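Participant: Structure file run_35.cif (mmCIF, C-alpha atoms) is given on the next line.
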```
data_work
loop_
_atom_site.label_atom_id
_atom_site.label_comp_id
_atom_site.auth_asym_id
_atom_site.auth_seq_id
_atom_site.Cartn_x
_atom_site.Cartn_y
_atom_site.Cartn_z
CA GLU A 1 -0.67 -6.44 -0.47
CA LEU A 2 2.47 -5.01 -2.01
CA LYS A 3 0.81 -4.83 -5.42
CA GLN A 4 -2.12 -2.85 -3.95
CA ALA A 5 0.26 -0.57 -2.01
CA LYS A 6 2.11 0.20 -5.25
CA VAL A 7 -1.16 1.00 -7.04
CA ASN A 8 -2.20 3.30 -4.19
CA PHE A 9 1.19 5.07 -4.12
CA ARG A 10 1.20 5.52 -7.91
CA SER A 11 -2.30 6.98 -7.84
CA SER A 12 -1.50 9.33 -4.96
CA PHE A 13 1.81 10.39 -6.52
CA LEU A 14 0.21 11.28 -9.85
CA GLU A 15 -2.66 13.10 -8.15
CA ASN A 16 -0.18 15.16 -6.12
CA LEU A 17 1.77 16.06 -9.27
CA GLU A 18 -1.39 17.50 -10.73
CA GLY A 19 -2.01 19.51 -7.57
CA GLY A 20 -5.01 17.48 -6.45
CA GLY A 21 -3.35 15.99 -3.38
CA ILE A 22 -1.67 17.88 -0.58
CA PRO A 23 -2.68 21.54 -0.84
CA GLY A 24 0.24 23.68 -1.96
CA PHE A 25 2.48 20.74 -2.78
CA GLY A 26 2.61 19.72 -6.39
CA ARG A 27 5.03 19.21 -9.23
CA SER A 28 7.02 22.42 -8.69
CA ASP A 29 7.45 21.77 -4.96
CA LEU A 30 8.57 18.20 -5.58
CA LEU A 31 11.04 19.39 -8.22
CA ALA A 32 12.41 21.94 -5.75
CA ALA A 33 12.74 19.33 -2.99
CA LEU A 34 14.50 16.88 -5.31
CA ALA A 35 16.88 19.61 -6.48
CA LEU A 36 17.60 20.76 -2.93
CA TYR A 37 17.92 17.45 -1.10
CA ASP A 38 19.00 15.03 -3.84
CA ASP A 39 20.63 17.49 -6.25
CA ASP A 40 18.64 15.67 -8.94
CA PRO A 41 15.35 17.23 -10.05
CA ASN A 42 15.23 14.72 -12.93
CA ARG A 43 14.48 12.05 -10.29
CA ILE A 44 10.84 13.05 -10.66
CA ASN A 45 10.94 11.00 -13.88
CA THR A 46 12.27 7.82 -12.23
CA ILE A 47 10.35 7.64 -8.94
CA LEU A 48 7.64 5.36 -10.31
CA ALA A 49 10.17 3.10 -12.05
CA ASP A 50 12.03 2.77 -8.74
CA LEU A 51 8.74 1.91 -7.03
CA ASP A 52 8.24 -0.97 -9.46
CA LYS A 53 11.60 -2.42 -8.38
CA VAL A 54 10.52 -2.80 -4.73
CA THR A 55 10.00 -6.44 -3.80
CA THR A 56 8.27 -8.21 -0.94
CA ASN A 57 11.72 -9.15 0.34
CA ASP A 58 12.75 -5.46 0.39
CA VAL A 59 9.72 -4.64 2.53
CA GLN A 60 10.42 -7.54 4.89
CA GLN A 61 14.07 -6.51 5.29
CA ALA A 62 13.09 -2.91 6.04
CA ALA A 63 10.51 -4.09 8.57
CA LYS A 64 13.09 -6.29 10.33
CA LYS A 65 15.51 -3.38 10.47
CA TYR A 66 13.20 -0.55 11.55
CA LEU A 67 10.14 -2.11 13.20
CA VAL A 68 11.92 -3.25 16.33
CA PRO A 69 11.12 -2.62 19.99
CA ALA A 70 14.01 -0.13 20.32
CA ASN A 71 12.31 2.13 17.74
CA ARG A 72 8.87 1.89 19.32
CA THR A 73 7.18 4.95 20.77
CA SER A 74 4.16 4.73 23.00
CA ILE A 75 2.01 7.66 24.13
CA ASP A 76 -0.43 7.28 26.97
CA ARG A 77 -2.65 10.33 26.63
CA ARG A 78 -5.75 10.97 28.65
CA PRO A 79 -8.15 13.86 28.13
CA GLU A 80 -7.96 16.60 30.71
CA GLY A 81 -10.22 15.84 33.64
CA ALA A 82 -10.28 12.10 32.96
CA LYS A 83 -9.55 9.75 35.83
#
```
Output the file's structure as structure tokens, nothing else.
Facilitator:
Amino acid sequence: ELKQAKVNFRSSFLENLEGGGIPGFGRSDLLAALALYDDDPNRINTILADLDKVTTNDVQQAAKKYLVPANRTSIDRRPEGAK
């Protein structure tokens, strides 16, 4: 599953860089965000290499840390007029 997730992310990332993904958010917007938030616009060149470093164990550790009952949100929404 991790291998397929990486393929999907890589494909989506490259499509977004070419402007075919999220409307109005492409290479220049990503460069601006990386410069503003990370002070490193060159990171655009290492994102995919960093993705390749992610292991199944990394995903499991993140899940154990963040996917816990204390972080759960539940919304019980009913359409107006419903009983």
Participant: Please list as a ChimeraX atom specification every residue within 10 Å of region 52-60 of chain A, counting all atoms listed in the file and excluding residues in the same chain fewer than 3 positions away.
Facilitator: /A:1-3,6-7,10,47-49,63-65,67
Participant: As an exercise, work out the distance from CA of Asp39 (chain A) to CA of Gly26 (chain A) in Å and give it to one decimal place.
Facilitator: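 Rounded to one decimal, the two atoms are 18.2 Å apart.
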Participant: Provide the CA of Ala33 (chain A) to CA of Asn8 (chain A) distance in Å, to one decimal place.
Facilitator: 21.9 Å
Participant: List as a VMD selection string the protein and nucleic acid residues near Arg27 (chain A), meaning an atom at most 8 Å away when all atoms listed in the file are counted, but skip any in the same chain fewer than 5 places from it.
Facilitator: chain A and resid 16 to 19
Participant: Just to confirm, what's the straight-line distance from CA of Arg43 (chain A) to CA of Leu30 (chain A) in Å (one decimal)?
Facilitator: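 Computing it gives 9.7 Å between the two atoms.
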Participant: Ranking A:Ala5, A:Thr73, A:Glu80, A:Phe13 by minimum distance to Ile44 (chain A) and counting all atoms listed in the file, which one comes first?
Facilitator: A:Phe13
Participant: My list of candidates is A:Ala62, A:Ile75, A:Val68, A:Leu14. Which is closest to Asn45 (chain A) when distances are computed with only C-alpha atoms?
Facilitator: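 Distance minimum relative to Asn45 (chain A) lands on A:Leu14.
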Participant: Atoms are missing here; could region 53-65 of chain A be completed with N, CA and C atoms and written as an mmCIF file, in the coordinates of the input?
Facilitator:
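So rebuild.cif came out as:
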```cif
data_model
loop_
_atom_site.group_PDB
_atom_site.id
_atom_site.type_symbol
_atom_site.label_atom_id
_atom_site.label_comp_id
_atom_site.auth_asym_id
_atom_site.auth_seq_id
_atom_site.Cartn_x
_atom_site.Cartn_y
_atom_site.Cartn_z
ATOM 1 N N LYS A 53 10.498 -1.529 -8.735
ATOM 2 C CA LYS A 53 11.600 -2.420 -8.380
ATOM 3 C C LYS A 53 11.489 -2.969 -6.958
ATOM 4 N N VAL A 54 10.653 -2.363 -6.118
ATOM 5 C CA VAL A 54 10.520 -2.800 -4.730
ATOM 6 C C VAL A 54 9.872 -4.178 -4.684
ATOM 7 N N THR A 55 10.501 -5.072 -3.914
ATOM 8 C CA THR A 55 10.000 -6.440 -3.800
ATOM 9 C C THR A 55 9.466 -6.695 -2.394
ATOM 10 N N THR A 56 8.762 -7.801 -2.260
ATOM 11 C CA THR A 56 8.270 -8.210 -0.940
ATOM 12 C C THR A 56 9.444 -8.397 0.009
ATOM 13 N N ASN A 57 10.534 -8.950 -0.488
ATOM 14 C CA ASN A 57 11.720 -9.150 0.340
ATOM 15 C C ASN A 57 12.296 -7.814 0.824
ATOM 16 N N ASP A 58 12.283 -6.787 -0.025
ATOM 17 C CA ASP A 58 12.750 -5.460 0.390
ATOM 18 C C ASP A 58 11.924 -4.935 1.553
ATOM 19 N N VAL A 59 10.615 -5.106 1.469
ATOM 20 C CA VAL A 59 9.720 -4.640 2.530
ATOM 21 C C VAL A 59 9.985 -5.414 3.815
ATOM 22 N N GLN A 60 10.151 -6.721 3.706
ATOM 23 C CA GLN A 60 10.420 -7.540 4.890
ATOM 24 C C GLN A 60 11.742 -7.155 5.536
ATOM 25 N N GLN A 61 12.773 -6.902 4.740
ATOM 26 C CA GLN A 61 14.070 -6.510 5.290
ATOM 27 C C GLN A 61 13.981 -5.157 6.001
ATOM 28 N N ALA A 62 13.257 -4.219 5.409
ATOM 29 C CA ALA A 62 13.090 -2.910 6.040
ATOM 30 C C ALA A 62 12.314 -3.043 7.351
ATOM 31 N N ALA A 63 11.291 -3.876 7.348
ATOM 32 C CA ALA A 63 10.510 -4.090 8.570
ATOM 33 C C ALA A 63 11.373 -4.691 9.671
ATOM 34 N N LYS A 64 12.205 -5.668 9.334
ATOM 35 C CA LYS A 64 13.090 -6.290 10.330
ATOM 36 C C LYS A 64 14.091 -5.284 10.888
ATOM 37 N N LYS A 65 14.511 -4.359 10.043
ATOM 38 C CA LYS A 65 15.510 -3.380 10.470
ATOM 39 C C LYS A 65 14.911 -2.270 11.323
#
```
